[in-house]
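Participant: Below is query-v6.pdb; it holds PDB, C-alpha atoms.
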ATOM      1  CA  MET A  14      -4.850  20.655 -31.087
ATOM      2  CA  ALA A  15      -5.158  19.118 -27.652
ATOM      3  CA  ARG A  16      -2.255  17.815 -25.592
ATOM      4  CA  VAL A  17      -3.294  14.436 -24.135
ATOM      5  CA  LEU A  18      -1.116  12.359 -21.814
ATOM      6  CA  VAL A  19      -1.495   9.277 -19.601
ATOM      7  CA  GLN A  20       1.396   8.848 -17.182
ATOM      8  CA  ASP A  21       2.538   7.367 -13.850
ATOM      9  CA  GLY A  22       4.372  10.422 -12.617
ATOM     10  CA  ALA A  23       3.174  13.779 -11.353
ATOM     11  CA  PHE A  24       2.441  16.621 -13.755
ATOM     12  CA  ASP A  25       3.781  20.166 -13.431
ATOM     13  CA  LEU A  26       0.872  22.602 -13.513
ATOM     14  CA  ALA A  27       3.080  25.650 -14.096
ATOM     15  CA  ALA A  28       4.990  23.952 -16.922
ATOM     16  CA  GLU A  29       1.747  22.821 -18.571
ATOM     17  CA  PHE A  30       0.285  26.326 -18.324
ATOM     18  CA  ALA A  31       3.484  27.762 -19.827
ATOM     19  CA  ALA A  32       3.450  25.224 -22.683
ATOM     20  CA  LEU A  33      -0.208  25.942 -23.460
ATOM     21  CA  THR A  34       0.248  29.714 -23.544
ATOM     22  CA  ALA A  35       3.819  30.055 -24.897
ATOM     23  CA  GLY A  36       4.042  32.686 -27.624
ATOM     24  CA  ARG A  37       0.270  33.259 -27.641
ATOM     25  CA  CYS A  38      -1.200  36.726 -27.303
ATOM     26  CA  ASP A  39      -4.736  35.776 -28.433
ATOM     27  CA  ILE A  40      -5.596  33.866 -25.228
ATOM     28  CA  GLY A  41      -7.715  35.821 -22.757
ATOM     29  CA  GLY A  42      -8.107  33.149 -20.106
ATOM     30  CA  VAL A  43      -7.193  29.600 -19.148
ATOM     31  CA  GLY A  44      -9.562  27.410 -17.131
ATOM     32  CA  ALA A  45      -7.863  24.820 -14.909
ATOM     33  CA  PHE A  46      -9.070  21.803 -12.945
ATOM     34  CA  VAL A  47      -6.838  19.522 -10.879
ATOM     35  CA  GLY A  48      -8.384  16.415  -9.333
ATOM     36  CA  THR A  49      -6.636  15.052  -6.242
ATOM     37  CA  VAL A  50      -6.936  11.947  -4.047
ATOM     38  CA  ARG A  51      -9.250  12.659  -1.096
ATOM     39  CA  GLU A  52      -8.203  10.889   2.087
ATOM     40  CA  ILE A  53     -11.671  10.135   3.445
ATOM     41  CA  SER A  54     -13.951   7.939   1.351
ATOM     42  CA  GLY A  55     -17.289   6.733   2.681
ATOM     43  CA  GLY A  56     -16.208   7.804   6.165
ATOM     44  CA  ARG A  57     -13.076   5.642   6.031
ATOM     45  CA  ARG A  58      -9.416   6.566   5.747
ATOM     46  CA  LEU A  59      -7.664   5.695   2.488
ATOM     47  CA  THR A  60      -4.041   4.618   2.389
ATOM     48  CA  ALA A  61      -3.858   4.726  -1.412
ATOM     49  CA  MET A  62      -5.803   4.598  -4.637
ATOM     50  CA  THR A  63      -4.768   2.560  -7.667
ATOM     51  CA  LEU A  64      -5.818   3.646 -11.144
ATOM     52  CA  GLU A  65      -6.124   1.088 -13.917
ATOM     53  CA  HIS A  66      -6.879   1.920 -17.548
ATOM     54  CA  TYR A  67      -7.356   0.375 -20.997
ATOM     55  CA  PRO A  68      -4.114   1.424 -22.673
ATOM     56  CA  ALA A  69      -5.164   0.811 -26.278
ATOM     57  CA  MET A  70      -8.298   2.918 -25.825
ATOM     58  CA  THR A  71      -7.410   5.652 -23.329
ATOM     59  CA  ALA A  72      -5.491   8.156 -25.438
ATOM     60  CA  ALA A  73      -8.052   7.943 -28.256
ATOM     61  CA  ALA A  74     -10.949   8.384 -25.809
ATOM     62  CA  LEU A  75      -9.299  11.461 -24.269
ATOM     63  CA  ALA A  76      -8.567  12.891 -27.733
ATOM     64  CA  ARG A  77     -12.226  12.413 -28.707
ATOM     65  CA  ILE A  78     -13.387  14.222 -25.547
ATOM     66  CA  ALA A  79     -10.986  17.092 -26.291
ATOM     67  CA  ALA A  80     -12.151  17.225 -29.920
ATOM     68  CA  GLU A  81     -15.751  17.497 -28.743
ATOM     69  CA  ALA A  82     -14.814  20.439 -26.473
ATOM     70  CA  GLU A  83     -13.041  22.109 -29.414
ATOM     71  CA  ARG A  84     -16.154  21.605 -31.527
ATOM     72  CA  ARG A  85     -18.419  23.197 -28.908
ATOM     73  CA  TRP A  86     -16.272  26.175 -27.905
ATOM     74  CA  ASP A  87     -13.703  28.356 -29.671
ATOM     75  CA  LEU A  88     -10.732  27.017 -27.755
ATOM     76  CA  LEU A  89      -7.182  28.161 -28.347
ATOM     77  CA  GLY A  90      -5.788  24.947 -26.897
ATOM     78  CA  CYS A  91      -6.437  22.396 -24.187
ATOM     79  CA  THR A  92      -4.500  19.900 -22.090
ATOM     80  CA  LEU A  93      -5.701  16.624 -20.529
ATOM     81  CA  ILE A  94      -3.313  14.644 -18.337
ATOM     82  CA  HIS A  95      -4.423  11.591 -16.330
ATOM     83  CA  ARG A  96      -2.206   9.625 -13.984
ATOM     84  CA  ILE A  97      -2.328   5.852 -13.499
ATOM     85  CA  GLY A  98      -0.891   3.475 -10.907
ATOM     86  CA  ARG A  99      -0.724   3.893  -7.120
ATOM     87  CA  LEU A 100      -1.525   7.349  -5.740
ATOM     88  CA  GLU A 101      -1.608   8.420  -2.094
ATOM     89  CA  PRO A 102      -3.996  10.885  -0.442
ATOM     90  CA  GLY A 103      -3.304  14.434  -1.555
ATOM     91  CA  ALA A 104      -1.688  13.355  -4.822
ATOM     92  CA  PRO A 105      -2.896  14.981  -8.043
ATOM     93  CA  ILE A 106      -4.750  12.553 -10.375
ATOM     94  CA  VAL A 107      -5.933  14.557 -13.334
ATOM     95  CA  LEU A 108      -5.238  17.928 -14.989
ATOM     96  CA  VAL A 109      -7.578  19.788 -17.343
ATOM     97  CA  LEU A 110      -6.585  23.106 -18.945
ATOM     98  CA  ALA A 111      -8.688  24.958 -21.523
ATOM     99  CA  ALA A 112      -7.572  28.207 -23.163
ATOM    100  CA  ALA A 113      -9.890  30.633 -24.939
ATOM    101  CA  ALA A 114     -10.199  34.300 -25.876
ATOM    102  CA  HIS A 115     -12.788  34.822 -23.115
ATOM    103  CA  ARG A 116     -13.411  33.282 -19.703
ATOM    104  CA  ASP A 117     -16.907  31.945 -20.449
ATOM    105  CA  ALA A 118     -15.616  29.474 -23.009
ATOM    106  CA  ALA A 119     -12.507  28.604 -20.972
ATOM    107  CA  LEU A 120     -14.465  27.844 -17.792
ATOM    108  CA  ALA A 121     -17.339  26.019 -19.505
ATOM    109  CA  ALA A 122     -14.957  23.872 -21.553
ATOM    110  CA  THR A 123     -12.963  22.996 -18.409
ATOM    111  CA  ALA A 124     -16.132  21.803 -16.641
ATOM    112  CA  PHE A 125     -17.245  19.888 -19.736
ATOM    113  CA  LEU A 126     -13.866  18.183 -20.130
ATOM    114  CA  ILE A 127     -13.740  16.849 -16.558
ATOM    115  CA  ASP A 128     -17.424  15.827 -16.608
ATOM    116  CA  TRP A 129     -17.029  13.846 -19.826
ATOM    117  CA  LEU A 130     -13.660  12.426 -18.769
ATOM    118  CA  LYS A 131     -15.249  10.997 -15.620
ATOM    119  CA  THR A 132     -17.933   9.147 -17.584
ATOM    120  CA  ARG A 133     -16.321   8.407 -20.979
ATOM    121  CA  ALA A 134     -12.624   7.653 -20.479
ATOM    122  CA  PRO A 135     -11.654   4.055 -19.574
ATOM    123  CA  PHE A 136     -10.128   4.484 -16.111
ATOM    124  CA  TRP A 137     -11.042   2.558 -12.950
ATOM    125  CA  LYS A 138     -10.154   3.428  -9.348
ATOM    126  CA  LYS A 139      -9.455   0.914  -6.618
ATOM    127  CA  GLU A 140      -9.402   2.216  -3.052
ATOM    128  CA  CYS A 141      -7.147   0.635  -0.417
ATOM    129  CA  PHE A 142      -8.004   1.302   3.233
ATOM    130  CA  ALA A 143      -5.941   1.375   6.409
ATOM    131  CA  ASP A 144      -7.508  -1.913   7.637
ATOM    132  CA  GLY A 145      -6.226  -3.722   4.535
ATOM    133  CA  GLU A 146      -9.583  -3.894   2.771
ATOM    134  CA  ALA A 147      -9.693  -2.778  -0.873
ATOM    135  CA  HIS A 148     -12.524  -2.246  -3.303
ATOM    136  CA  TRP A 149     -13.243  -0.931  -6.783
ATOM    137  CA  VAL A 150     -14.997   2.433  -6.772
ATOM    138  CA  GLU A 151     -18.525   2.299  -8.172
ATOM    139  CA  ALA A 152     -19.710   4.802 -10.739
ATOM    140  CA  ARG A 153     -21.752   7.626  -9.184
ATOM    141  CA  ALA A 154     -25.146   8.736 -10.471
ATOM    142  CA  GLU A 155     -24.053  12.336  -9.743
ATOM    143  CA  ASP A 156     -21.230  11.987 -12.275
ATOM    144  CA  GLU A 157     -23.650  10.694 -14.913
ATOM    145  CA  ALA A 158     -25.970  13.625 -14.200
ATOM    146  CA  ALA A 159     -23.087  16.102 -14.437
ATOM    147  CA  ALA A 160     -22.083  14.686 -17.835
ATOM    148  CA  ALA A 161     -25.700  14.615 -19.041
ATOM    149  CA  ARG A 162     -26.106  18.364 -18.529
ATOM    150  CA  TRP A 163     -23.827  18.815 -21.568
ATOM    151  CA  SER A 164     -26.026  16.730 -23.843
ATOM    152  CA  GLY A 165     -27.377  19.852 -25.563
ATOM    153  CA  GLU A 166     -25.300  22.250 -27.611
ATOM    154  CA  PRO A 167     -23.255  24.953 -25.859
ATOM    155  CA  GLY A 168     -25.307  27.604 -24.185
TER     156      GLY A 168
ATOM    157  CA  MET B   7      -4.862 -18.108 -36.012
ATOM    158  CA  ARG B   8      -5.194 -14.690 -34.424
ATOM    159  CA  ALA B   9      -7.031 -13.239 -37.444
ATOM    160  CA  ARG B  10      -9.799 -15.843 -37.074
ATOM    161  CA  SER B  11     -10.248 -15.266 -33.373
ATOM    162  CA  LEU B  12     -11.593 -12.696 -30.946
ATOM    163  CA  HIS B  13      -9.191 -10.974 -28.596
ATOM    164  CA  ILE B  14     -11.056 -10.416 -25.318
ATOM    165  CA  LEU B  15      -9.862  -8.114 -22.517
ATOM    166  CA  TYR B  16     -11.160  -7.802 -18.930
ATOM    167  CA  PHE B  17     -10.561  -4.872 -16.599
ATOM    168  CA  ALA B  18     -10.911  -3.949 -12.907
ATOM    169  CA  TRP B  19     -13.117  -6.321 -10.841
ATOM    170  CA  LEU B  20     -13.979  -8.450 -13.881
ATOM    171  CA  ARG B  21     -10.264  -9.187 -14.371
ATOM    172  CA  GLU B  22      -9.834 -10.024 -10.685
ATOM    173  CA  ARG B  23     -12.948 -12.213 -10.469
ATOM    174  CA  LEU B  24     -11.974 -14.176 -13.602
ATOM    175  CA  GLY B  25      -8.277 -14.278 -12.687
ATOM    176  CA  LEU B  26      -7.694 -13.359 -16.323
ATOM    177  CA  GLY B  27      -6.764 -10.117 -18.094
ATOM    178  CA  GLU B  28      -7.127 -11.304 -21.657
ATOM    179  CA  GLU B  29      -7.762 -14.318 -23.815
ATOM    180  CA  CYS B  30      -8.001 -15.285 -27.470
ATOM    181  CA  LEU B  31     -11.066 -17.226 -28.517
ATOM    182  CA  ALA B  32     -11.891 -18.881 -31.825
ATOM    183  CA  LEU B  33     -15.101 -17.172 -32.929
ATOM    184  CA  PRO B  34     -17.806 -19.619 -31.743
ATOM    185  CA  ASP B  35     -20.643 -20.650 -34.050
ATOM    186  CA  GLY B  36     -23.610 -18.358 -33.638
ATOM    187  CA  VAL B  37     -21.628 -15.513 -32.085
ATOM    188  CA  ASP B  38     -22.032 -12.410 -34.257
ATOM    189  CA  SER B  39     -22.587  -9.612 -31.720
ATOM    190  CA  VAL B  40     -21.635  -8.509 -28.209
ATOM    191  CA  GLY B  41     -24.936  -9.882 -26.887
ATOM    192  CA  THR B  42     -24.463 -13.329 -28.436
ATOM    193  CA  LEU B  43     -20.848 -13.403 -27.165
ATOM    194  CA  ILE B  44     -22.010 -12.663 -23.606
ATOM    195  CA  ALA B  45     -24.663 -15.392 -23.860
ATOM    196  CA  TRP B  46     -22.005 -17.837 -25.090
ATOM    197  CA  LEU B  47     -19.550 -16.904 -22.294
ATOM    198  CA  ARG B  48     -22.272 -17.272 -19.633
ATOM    199  CA  ARG B  49     -22.929 -20.847 -20.783
ATOM    200  CA  ARG B  50     -19.228 -21.617 -20.952
ATOM    201  CA  ASP B  51     -18.308 -21.420 -17.267
ATOM    202  CA  ASP B  52     -19.789 -20.424 -13.887
ATOM    203  CA  ARG B  53     -17.236 -17.665 -13.378
ATOM    204  CA  TYR B  54     -18.378 -15.935 -16.567
ATOM    205  CA  GLY B  55     -21.986 -16.614 -15.613
ATOM    206  CA  ALA B  56     -21.392 -14.825 -12.315
ATOM    207  CA  ILE B  57     -19.792 -11.678 -13.739
ATOM    208  CA  PHE B  58     -22.271 -11.275 -16.588
ATOM    209  CA  ALA B  59     -25.220 -11.947 -14.281
ATOM    210  CA  GLU B  60     -24.530  -8.416 -13.049
ATOM    211  CA  GLY B  61     -25.400  -7.252 -16.543
ATOM    212  CA  ARG B  62     -26.064  -3.630 -15.754
ATOM    213  CA  LEU B  63     -22.648  -3.337 -14.121
ATOM    214  CA  VAL B  64     -20.703  -4.512 -17.166
ATOM    215  CA  ARG B  65     -19.776  -2.209 -20.044
ATOM    216  CA  CYS B  66     -18.170  -3.149 -23.340
ATOM    217  CA  ALA B  67     -15.961  -1.754 -26.084
ATOM    218  CA  VAL B  68     -15.313  -3.251 -29.520
ATOM    219  CA  ASN B  69     -12.075  -2.198 -31.220
ATOM    220  CA  GLN B  70     -11.612   0.485 -28.522
ATOM    221  CA  GLU B  71     -15.037   2.106 -29.079
ATOM    222  CA  PHE B  72     -17.869   1.877 -26.529
ATOM    223  CA  ALA B  73     -20.339  -0.768 -27.699
ATOM    224  CA  GLY B  74     -23.673  -2.285 -26.777
ATOM    225  CA  PRO B  75     -25.319  -5.721 -27.038
ATOM    226  CA  ASP B  76     -26.268  -5.141 -30.684
ATOM    227  CA  THR B  77     -22.757  -4.172 -31.811
ATOM    228  CA  PRO B  78     -21.675  -6.719 -34.449
ATOM    229  CA  LEU B  79     -18.578  -8.853 -33.947
ATOM    230  CA  ALA B  80     -16.304 -10.494 -36.488
ATOM    231  CA  ALA B  81     -13.098 -12.505 -36.338
ATOM    232  CA  GLY B  82     -10.120 -10.280 -35.546
ATOM    233  CA  ASP B  83     -12.091  -7.893 -33.332
ATOM    234  CA  GLU B  84     -10.842  -6.750 -29.924
ATOM    235  CA  VAL B  85     -13.615  -6.896 -27.326
ATOM    236  CA  ALA B  86     -13.195  -5.418 -23.836
ATOM    237  CA  PHE B  87     -15.465  -5.906 -20.817
ATOM    238  CA  PHE B  88     -15.235  -3.583 -17.807
ATOM    239  CA  PRO B  89     -17.270  -1.833 -15.096
ATOM    240  CA  PRO B  90     -18.668   1.677 -15.592
ATOM    241  CA  VAL B  91     -15.654   4.006 -15.699
ATOM    242  CA  THR B  92     -14.520   5.864 -12.556
ATOM    243  CA  GLY B  93     -11.572   8.035 -13.592
ATOM    244  CA  GLY B  94     -11.028  11.732 -13.085
TER     245      GLY B  94
END
Please express what this file holds, its structure, as structure tokens.

Facilitator:
Amino acid sequence: MARVLVQDGAFDLAAEFAALTAGRCDIGGVGAFVGTVREISGGRRLTAMTLEHYPAMTAAALARIAAEAERRWDLLGCTLIHRIGRLEPGAPIVLVLAAAAHRDAALAATAFLIDWLKTRAPFWKKECFADGEAHWVEARAEDEAAAARWSGEPG
Amino acid sequence: MRARSLHILYFAWLRERLGLGEECLALPDGVDSVGTLIAWLRRRDDRYGAIFAEGRLVRCAVNQEFAGPDTPLAAGDEVAFFPPVTGG
């Protein structure tokens, strides 16, 4: 069963790892991905990023993505946490953890979860720059391509 | 009455361009799908015409599931319009 959260505040990577693995001796590895706010975007300096989402849909969309990972790999648990609101450069945005008996499944599921999250969960980023200009981030073809590589069954 | 109407939500730049996050709309005659709703909204007002003119940049969900132009609509449905997602 996946742990899925959407929250304003920071997450605690160590606490989430401990919660995922507490009392478990069958886990052989945990894959982890933490996305953070990069200061330079398109050659310009960000002051902050604001994340908007579709509250009624977000948790269900994340749960569906996690369920798909659990269907494809023998996971012993996974965690998806996404922050919303105003985040400054360096701040963590998203946490993915995937636990499995062996590293192959843990690492592949971690990559799958972040690739699908980027293209299938209803979040939108707005970048605010030092000169006062702000714009909504456009979807990247590279992200679509990364998600599309999972269109087959696990290999 | 809410049950006889559509609840429509707008996110990100669509919300800003319309100056509107959500609205309730009595289901117009002839609107029975996402595509026919978009056509109706485009005729309704220039602001809607402008955002939906960028058709490939607008995505949709019906009752919190991703949807396309052929997805059927009925009174009581929640319809959301938004740009391609950019989380993560």

Participant: Distance limit 6 Å, atoms considered: all atoms listed in the file. Which chain A residues sit that close to chain B? Return them as number ranges by chain.

Facilitator: A: 70, 107, 131-132, 135-138, 152

Participant: Assuming the chain letters and numbering stay as they are in my file, what does the PyMOL selection byres ((chain A and resi 24-27) around 12) actually select? List them as a ChimeraX atom specification.

Facilitator: /A:18-23,28-35,45-49,92-97,104-110

Participant: Quick one: everything within 12 Å of Arg77 of chain A, counting all atoms listed in the file, minus sequence neighbours fewer than 2 positions away in the same chain. Send it as a PyMOL selection string.

Facilitator: (chain A and resi 14-17+70-75+79-84+93+126+129-130+133-134) or (chain B and resi 70-71)

Participant: As JSON, what would the box around segment 29-38 of chain B look like: edges along x, y and z, 8 Å added on every side, centre and edge lengths in Å to one decimal?

Facilitator:
{"center_x": -15.7, "center_y": -16.5, "center_z": -29.0, "size_x": 31.8, "size_y": 24.2, "size_z": 26.4}

Participant: Please evaluate the PyMOL selection byres ((chain B and resi 46-56) around 12) against the structure above and give the resulting residues as a VMD selection string.

Facilitator: chain B and resid 14 16 19 to 26 31 33 to 45 57 to 61 63 to 64 87

Participant: What is the atom CA of Arg99 of chain A to atom CA of Val50 of chain A distance in Å?

Facilitator: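 Separation of atom CA of Arg99 of chain A and atom CA of Val50 of chain A: 10.6 Å.
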
Participant: Determine, counting all atoms listed in the file, every residue of protein, DNA or RNA that lies within 8 Å of (-19.2, 27.3, -29.6) in the file coordinates, then give the result as a ChimeraX atom specification.

Facilitator: /A:84-87,118,167

Participant: Place a sphere of radius 12 Å on (-6.8, -14.7, -32.3) in the file coordinates and name every protein, DNA or RNA residue with an atom inside or on its surface, counting all atoms listed in the file; give the answer as a list in words.

Facilitator: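 Residues with an atom at most 12 Å from (-6.8, -14.7, -32.3): Met7, Arg8, Ala9, Arg10, Ser11, Leu12, His13, Ile14, Glu28, Glu29, Cys30, Leu31, Ala32, Leu33, Ala80, Ala81, Gly82, Asp83, Glu84 and Val85 of chain B.
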
Participant: Taking the file as I've supplied it (selection: the PyMOL selection byres ((chain A and resi 113) around 6)), which residues are included? Please answer as a PyMOL selection string.

Facilitator: chain A and resi 40+42+88-89+112+114-115+119

Participant: Interatomic distance between atom CA of Gly74 of chain B and atom CA of Ala69 of chain A?

Facilitator: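 Going from atom CA of Gly74 of chain B over to atom CA of Ala69 of chain A covers 18.8 Å.
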
Participant: One decimal, in Å: what's the spacing between atom CA of Gly90 of chain A and atom CA of Ala159 of chain A?

Facilitator: 23.1 Å

Participant: Which of these, A:Arg57, A:Arg51, A:His66, A:Arg37, has the shortest distance to Ala143 of chain A once you count all atoms listed in the file?

Facilitator: A:Arg57
